[in-house]
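**Student:** File follows, protein_20.txt with compact mmCIF, C-alpha atoms:
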# COMPACT_ATOMS: atom_id res chain seq x y z
CA MET A 1 70.83 25.91 45.22
CA ILE A 2 68.06 25.44 47.78
CA SER A 3 70.27 26.30 50.76
CA ASP A 4 70.77 29.80 49.31
CA ILE A 5 67.05 30.58 49.45
CA ALA A 6 65.81 32.91 52.18
CA PRO A 7 64.10 31.34 55.18
CA VAL A 8 60.48 30.39 54.60
CA ARG A 9 57.83 32.16 56.70
CA LEU A 10 54.65 30.26 57.52
CA VAL A 11 51.44 31.33 59.23
CA GLY A 12 49.42 28.74 61.15
CA MET A 13 45.68 29.34 61.44
CA SER A 14 43.43 27.32 63.70
CA GLY A 15 39.70 26.95 63.30
CA SER A 16 39.19 26.65 67.04
CA LEU A 17 38.95 29.18 69.86
CA ARG A 18 38.45 26.48 72.52
CA ALA A 19 40.86 26.35 75.44
CA GLY A 20 42.79 23.11 75.07
CA SER A 21 41.98 22.97 71.34
CA TYR A 22 43.42 19.96 69.52
CA SER A 23 43.91 22.02 66.37
CA ASN A 24 45.88 24.62 68.34
CA ALA A 25 47.94 21.81 69.88
CA VAL A 26 48.78 20.39 66.44
CA LEU A 27 49.86 23.82 65.15
CA GLU A 28 51.90 24.55 68.29
CA THR A 29 53.63 21.17 67.99
CA LEU A 30 54.47 21.84 64.33
CA ARG A 31 55.70 25.36 65.18
CA GLU A 32 58.10 23.89 67.73
CA ILE A 33 59.34 21.19 65.35
CA PHE A 34 59.98 23.62 62.50
CA ALA A 35 61.06 26.61 64.65
CA ASP A 36 64.76 26.11 64.03
CA ARG A 37 64.24 26.22 60.25
CA ASP A 38 61.60 28.89 59.74
CA GLN A 39 60.60 32.27 61.09
CA ASP A 40 57.50 33.09 63.09
CA PHE A 41 55.17 32.96 61.53
CA GLU A 42 38.78 46.21 51.74
CA GLY A 43 40.91 49.01 52.08
CA GLU A 44 41.22 51.23 55.06
CA LYS A 45 37.75 50.46 56.44
CA ARG A 46 38.77 46.97 57.48
CA PRO A 47 39.00 46.35 61.23
CA GLU A 48 42.54 46.42 62.65
CA PRO A 49 42.61 42.67 63.43
CA VAL A 50 41.73 41.99 59.78
CA LYS A 51 44.50 44.32 58.58
CA THR A 52 46.91 42.50 60.88
CA LEU A 53 45.78 39.13 59.50
CA LEU A 54 46.07 40.27 55.89
CA SER A 55 49.50 41.71 56.52
CA ALA A 56 50.69 38.45 58.10
CA ILE A 57 49.34 36.44 55.16
CA ALA A 58 50.85 38.83 52.60
CA GLU A 59 54.27 38.65 54.28
CA CYS A 60 54.36 34.88 54.75
CA ASP A 61 55.43 32.32 52.18
CA GLY A 62 52.70 29.83 53.02
CA LEU A 63 49.98 28.83 55.47
CA VAL A 64 49.21 25.79 57.57
CA LEU A 65 45.48 25.53 58.34
CA CYS A 66 44.29 23.12 61.01
CA ALA A 67 40.68 23.03 62.14
CA PRO A 68 38.12 20.86 63.86
CA GLU A 69 35.06 19.90 61.86
CA PHE A 70 31.98 21.87 62.94
CA ASN A 71 28.61 20.73 61.62
CA HIS A 72 30.27 18.87 58.74
CA SER A 73 32.16 21.97 57.61
CA ILE A 74 34.75 24.67 58.40
CA PRO A 75 34.42 26.37 61.80
CA GLY A 76 32.96 29.84 61.48
CA VAL A 77 36.02 31.60 62.92
CA LEU A 78 38.31 30.14 60.24
CA LYS A 79 35.77 30.59 57.45
CA ASN A 80 35.34 34.24 58.42
CA ALA A 81 39.12 34.80 58.38
CA LEU A 82 39.36 33.15 54.95
CA ASP A 83 36.46 35.26 53.67
CA TRP A 84 38.22 38.47 54.75
CA ALA A 85 41.47 37.25 53.17
CA SER A 86 39.74 36.34 49.89
CA ARG A 87 39.08 39.94 48.83
CA PRO A 88 39.53 41.44 46.35
CA ALA A 89 38.68 38.40 44.25
CA PHE A 90 41.49 36.91 42.16
CA THR A 91 44.10 39.34 43.57
CA SER A 92 43.75 38.79 47.33
CA VAL A 93 46.61 37.91 49.67
CA MET A 94 45.44 34.30 49.29
CA ALA A 95 45.86 34.21 45.50
CA HIS A 96 48.64 31.75 44.63
CA LYS A 97 49.56 31.34 48.31
CA PRO A 98 50.70 27.78 49.11
CA VAL A 99 48.61 26.17 51.85
CA ALA A 100 48.74 22.90 53.78
CA ILE A 101 45.47 21.79 55.35
CA MET A 102 44.68 19.42 58.21
CA ALA A 103 41.77 18.66 60.51
CA THR A 104 41.17 17.30 63.99
CA SER A 105 38.16 15.36 65.21
CA HIS A 106 36.83 13.32 68.09
CA GLY A 107 35.14 11.05 65.57
CA PRO A 108 36.31 8.39 63.14
CA LEU A 109 36.02 10.55 59.99
CA GLY A 110 38.69 12.90 61.30
CA GLY A 111 37.36 16.07 59.73
CA ALA A 112 37.21 14.80 56.14
CA ARG A 113 34.28 17.09 55.32
CA CYS A 114 36.06 20.06 56.88
CA LEU A 115 39.08 19.37 54.65
CA GLU A 116 36.83 19.11 51.60
CA HIS A 117 35.22 22.47 52.38
CA MET A 118 38.57 24.11 53.15
CA ARG A 119 39.91 22.88 49.81
CA ALA A 120 36.86 24.23 47.96
CA ALA A 121 37.14 27.64 49.66
CA LEU A 122 40.88 27.83 49.01
CA ASP A 123 40.46 26.77 45.38
CA SER A 124 37.99 29.61 44.88
CA MET A 125 40.63 32.04 46.21
CA LEU A 126 43.24 30.65 43.78
CA SER A 127 45.36 29.38 46.68
CA ARG A 128 47.71 26.48 45.97
CA VAL A 129 46.66 23.64 48.28
CA VAL A 130 49.73 21.44 48.65
CA LEU A 131 49.42 17.96 47.28
CA ALA A 132 50.16 15.74 50.24
CA ARG A 133 48.44 12.99 52.13
CA GLU A 134 45.37 14.40 53.80
CA VAL A 135 45.98 15.01 57.47
CA MET A 136 42.96 13.93 59.48
CA ILE A 137 43.73 13.46 63.15
CA THR A 138 40.95 11.21 64.41
CA SER A 139 40.26 10.55 68.09
CA SER A 140 42.20 13.72 68.83
CA ALA A 141 41.61 13.53 72.58
CA ASP A 142 43.75 10.37 72.68
CA LYS A 143 46.58 11.92 70.62
CA ILE A 144 47.13 15.22 72.44
CA ARG A 145 49.02 15.29 75.72
CA ASN A 146 49.90 18.43 77.67
CA GLY A 147 48.86 20.57 74.72
CA ARG A 148 51.04 18.76 72.16
CA LEU A 149 50.37 16.21 69.44
CA VAL A 150 52.14 13.05 70.60
CA ASP A 151 50.72 10.35 68.35
CA GLU A 152 53.65 9.35 66.12
CA THR A 153 51.52 8.37 63.11
CA SER A 154 49.48 11.57 63.16
CA LEU A 155 52.58 13.65 63.77
CA GLY A 156 54.26 11.93 60.82
CA PHE A 157 51.38 12.89 58.53
CA ALA A 158 51.32 16.48 59.85
CA CYS A 159 55.08 16.89 59.44
CA ALA A 160 54.95 15.38 55.94
CA ALA A 161 52.33 17.97 54.96
CA VAL A 162 54.50 20.80 56.27
CA GLU A 163 57.53 19.33 54.46
CA ALA A 164 55.47 19.21 51.24
CA LEU A 165 54.49 22.85 51.81
CA LEU A 166 58.13 23.86 52.29
CA ARG A 167 59.13 22.00 49.09
CA GLU A 168 56.33 23.73 47.17
CA ILE A 169 57.41 27.15 48.44
CA ARG A 170 61.06 26.54 47.59
CA LEU A 171 60.32 25.11 44.15
CA TRP A 172 57.96 27.96 43.35
CA GLY A 173 60.59 30.43 44.52
CA MET A 174 63.24 28.79 42.37
CA ALA A 175 60.94 28.88 39.33
CA GLU A 176 60.19 32.56 39.89
CA SER A 177 63.90 33.39 40.27
CA LEU A 178 64.58 31.64 36.97
CA GLY A 179 61.90 33.74 35.30
CA GLY A 180 59.35 30.96 34.99
Can you dump the structure from the file as structure tokens?
**Tutor:**
Amino acid sequence: MISDIAPVRLVGMSGSLRAGSYSNAVLETLREIFADRDQDFEGEKRPEPVKTLLSAIAECDGLVLCAPEFNHSIPGVLKNALDWASRPAFTSVMAHKPVAIMATSHGPLGGARCLEHMRAALDSMLSRVVLAREVMITSSADKIRNGRLVDETSLGFACAAVEALLREIRLWGMAESLGG
């Protein structure tokens, strides 16, 4: 029974360091919406922040990645975090980890190329990108108010992606508990 499964732990990672970041606003909005249902979110030579990141990823049940598109791709800060998390190859903390992806953009393409590159990077790490409608929050400046995503359509897509991630985690957990 699904209600007997332990609470799901998610980690949200933003591709933006900018104050007032739209990606951070989306993740903070989702954290608030799902807060009542879920918890917070190469060896010893790795820097302490990397160890902390890897530990958080290892302990969580899934990730929500939200990033702006930089130069038609993934922002360097997020790509660097994913690169650290991808080692060792095929057995990293990202291997088989369920992930929901979304992008923010000022422009009309809404980060489509960023999503494509995130998917390719995550596929190479053997992560399980959740099958859901792609979440591309276009014209982000018009959809964020007081640091929160307020556009109902965009919020609906973002919440649907998180719901799909939660279903994936629970179904995977049920399959593992049944020995499959």
**Student:** Just want the 12 Å neighbourhood of range 44-56 of chain A, counted on all atoms listed in the file, with same-chain residues fewer than 3 positions away dropped. Output as a short mmCIF file (atom, residue, chain, number, x, y, z; two decimals) with C-alpha atoms, in the coordinates of the input.
**Tutor:**
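File part.cif, as written:
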data_model
loop_
_atom_site.label_atom_id
_atom_site.label_comp_id
_atom_site.auth_asym_id
_atom_site.auth_seq_id
_atom_site.Cartn_x
_atom_site.Cartn_y
_atom_site.Cartn_z
CA ARG A 9 57.83 32.16 56.70
CA LEU A 10 54.65 30.26 57.52
CA VAL A 11 51.44 31.33 59.23
CA GLY A 12 49.42 28.74 61.15
CA MET A 13 45.68 29.34 61.44
CA ASP A 40 57.50 33.09 63.09
CA PHE A 41 55.17 32.96 61.53
CA GLU A 59 54.27 38.65 54.28
CA CYS A 60 54.36 34.88 54.75
CA ASP A 61 55.43 32.32 52.18
CA GLY A 62 52.70 29.83 53.02
CA LEU A 63 49.98 28.83 55.47
CA LEU A 78 38.31 30.14 60.24
CA ASN A 80 35.34 34.24 58.42
CA ALA A 81 39.12 34.80 58.38
CA LEU A 82 39.36 33.15 54.95
CA ASP A 83 36.46 35.26 53.67
CA TRP A 84 38.22 38.47 54.75
CA ALA A 85 41.47 37.25 53.17
CA SER A 86 39.74 36.34 49.89
CA ARG A 87 39.08 39.94 48.83
CA PRO A 88 39.53 41.44 46.35
CA SER A 92 43.75 38.79 47.33
CA VAL A 93 46.61 37.91 49.67
CA MET A 94 45.44 34.30 49.29
#
**Student:** Determine the nearest neighbour of Ile137 in chain A from the options A:Cys159, A:Ala100, A:Val26, A:Met174, counting all atoms listed in the file.
**Tutor:** A:Val26
**Student:** Which one is closest to Cys114 in chain A: A:Cys66, A:Leu17, A:Leu171, A:Ala132? Count all atoms listed in the file.
**Tutor:**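 Result for the nearest residue to Cys114 in chain A: A:Cys66.
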**Student:** CA of Ser140 in chain A and CA of Tyr22 in chain A, how far apart in Å?
**Tutor:**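 Answer for the CA of Tyr22 in chain A to CA of Ser140 in chain A separation: 6.4 Å.
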**Student:** Could you jot down the CA of Ile169 in chain A to CA of Pro7 in chain A separation for me, Å, one decimal place?
**Tutor:** 10.4 Å
**Student:** Counting all atoms listed in the file, which residues sit no farther than 12 Å from the position (53.3, 17.6, 61.2) in the file's frame? I'd like them as a ChimeraX atom specification.
**Tutor:** /A:12,23,25-34,64-66,100-103,132-137,148-166
**Student:** When distances are computed from all atoms listed in the file, which of A:Thr104, A:Ala6, A:Ser124, A:Arg113 shows the smallest separation from Asp142 in chain A?
**Tutor:**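 Nearest candidate to Asp142 in chain A out of A:Thr104, A:Ala6, A:Ser124, A:Arg113: A:Thr104.
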**Student:** Please indicate the distance in Å from CA of Val77 in chain A to CA of Pro108 in chain A, rounded to one decimal place.
**Tutor:**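 Answer for the CA of Val77 in chain A to CA of Pro108 in chain A separation: 23.2 Å.
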**Student:** Restricting the calculation to all atoms listed in the file, which member of A:His106, A:Lys143, A:Lys79, A:Lys97 is positioned closest to Ala120 in chain A?
**Tutor:**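 Nearest candidate to Ala120 in chain A out of A:His106, A:Lys143, A:Lys79, A:Lys97: A:Lys79.
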**Student:** Point out the residue among A:Ser14, A:Ser21, A:Ser177, A:Ser73 with the least atom-to-atom distance to Glu116 in chain A, counting all atoms listed in the file.
**Tutor:**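 Of A:Ser14, A:Ser21, A:Ser177, A:Ser73, the one nearest Glu116 in chain A is A:Ser73, counting all atoms listed in the file.
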**Student:** Restricting the calculation to all atoms listed in the file, which member of A:Ala35, A:Ala175, A:Ala58, A:Leu115 is positioned closest to Val129 in chain A?
**Tutor:**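 Residue with the minimum atom-to-atom distance to Val129 in chain A: A:Leu115.
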**Student:** Using all atoms listed in the file, determine which residues lie at most 7 Å from Met125 in chain A, disregarding the query and same-chain residues fewer than 3 positions distant; provide the list as a list in words.
**Tutor:**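 Once the adjacent positions are removed, what remains is Ser86, Ala89, Phe90, Met94, Ala95, Ala121 and Leu122 of chain A.
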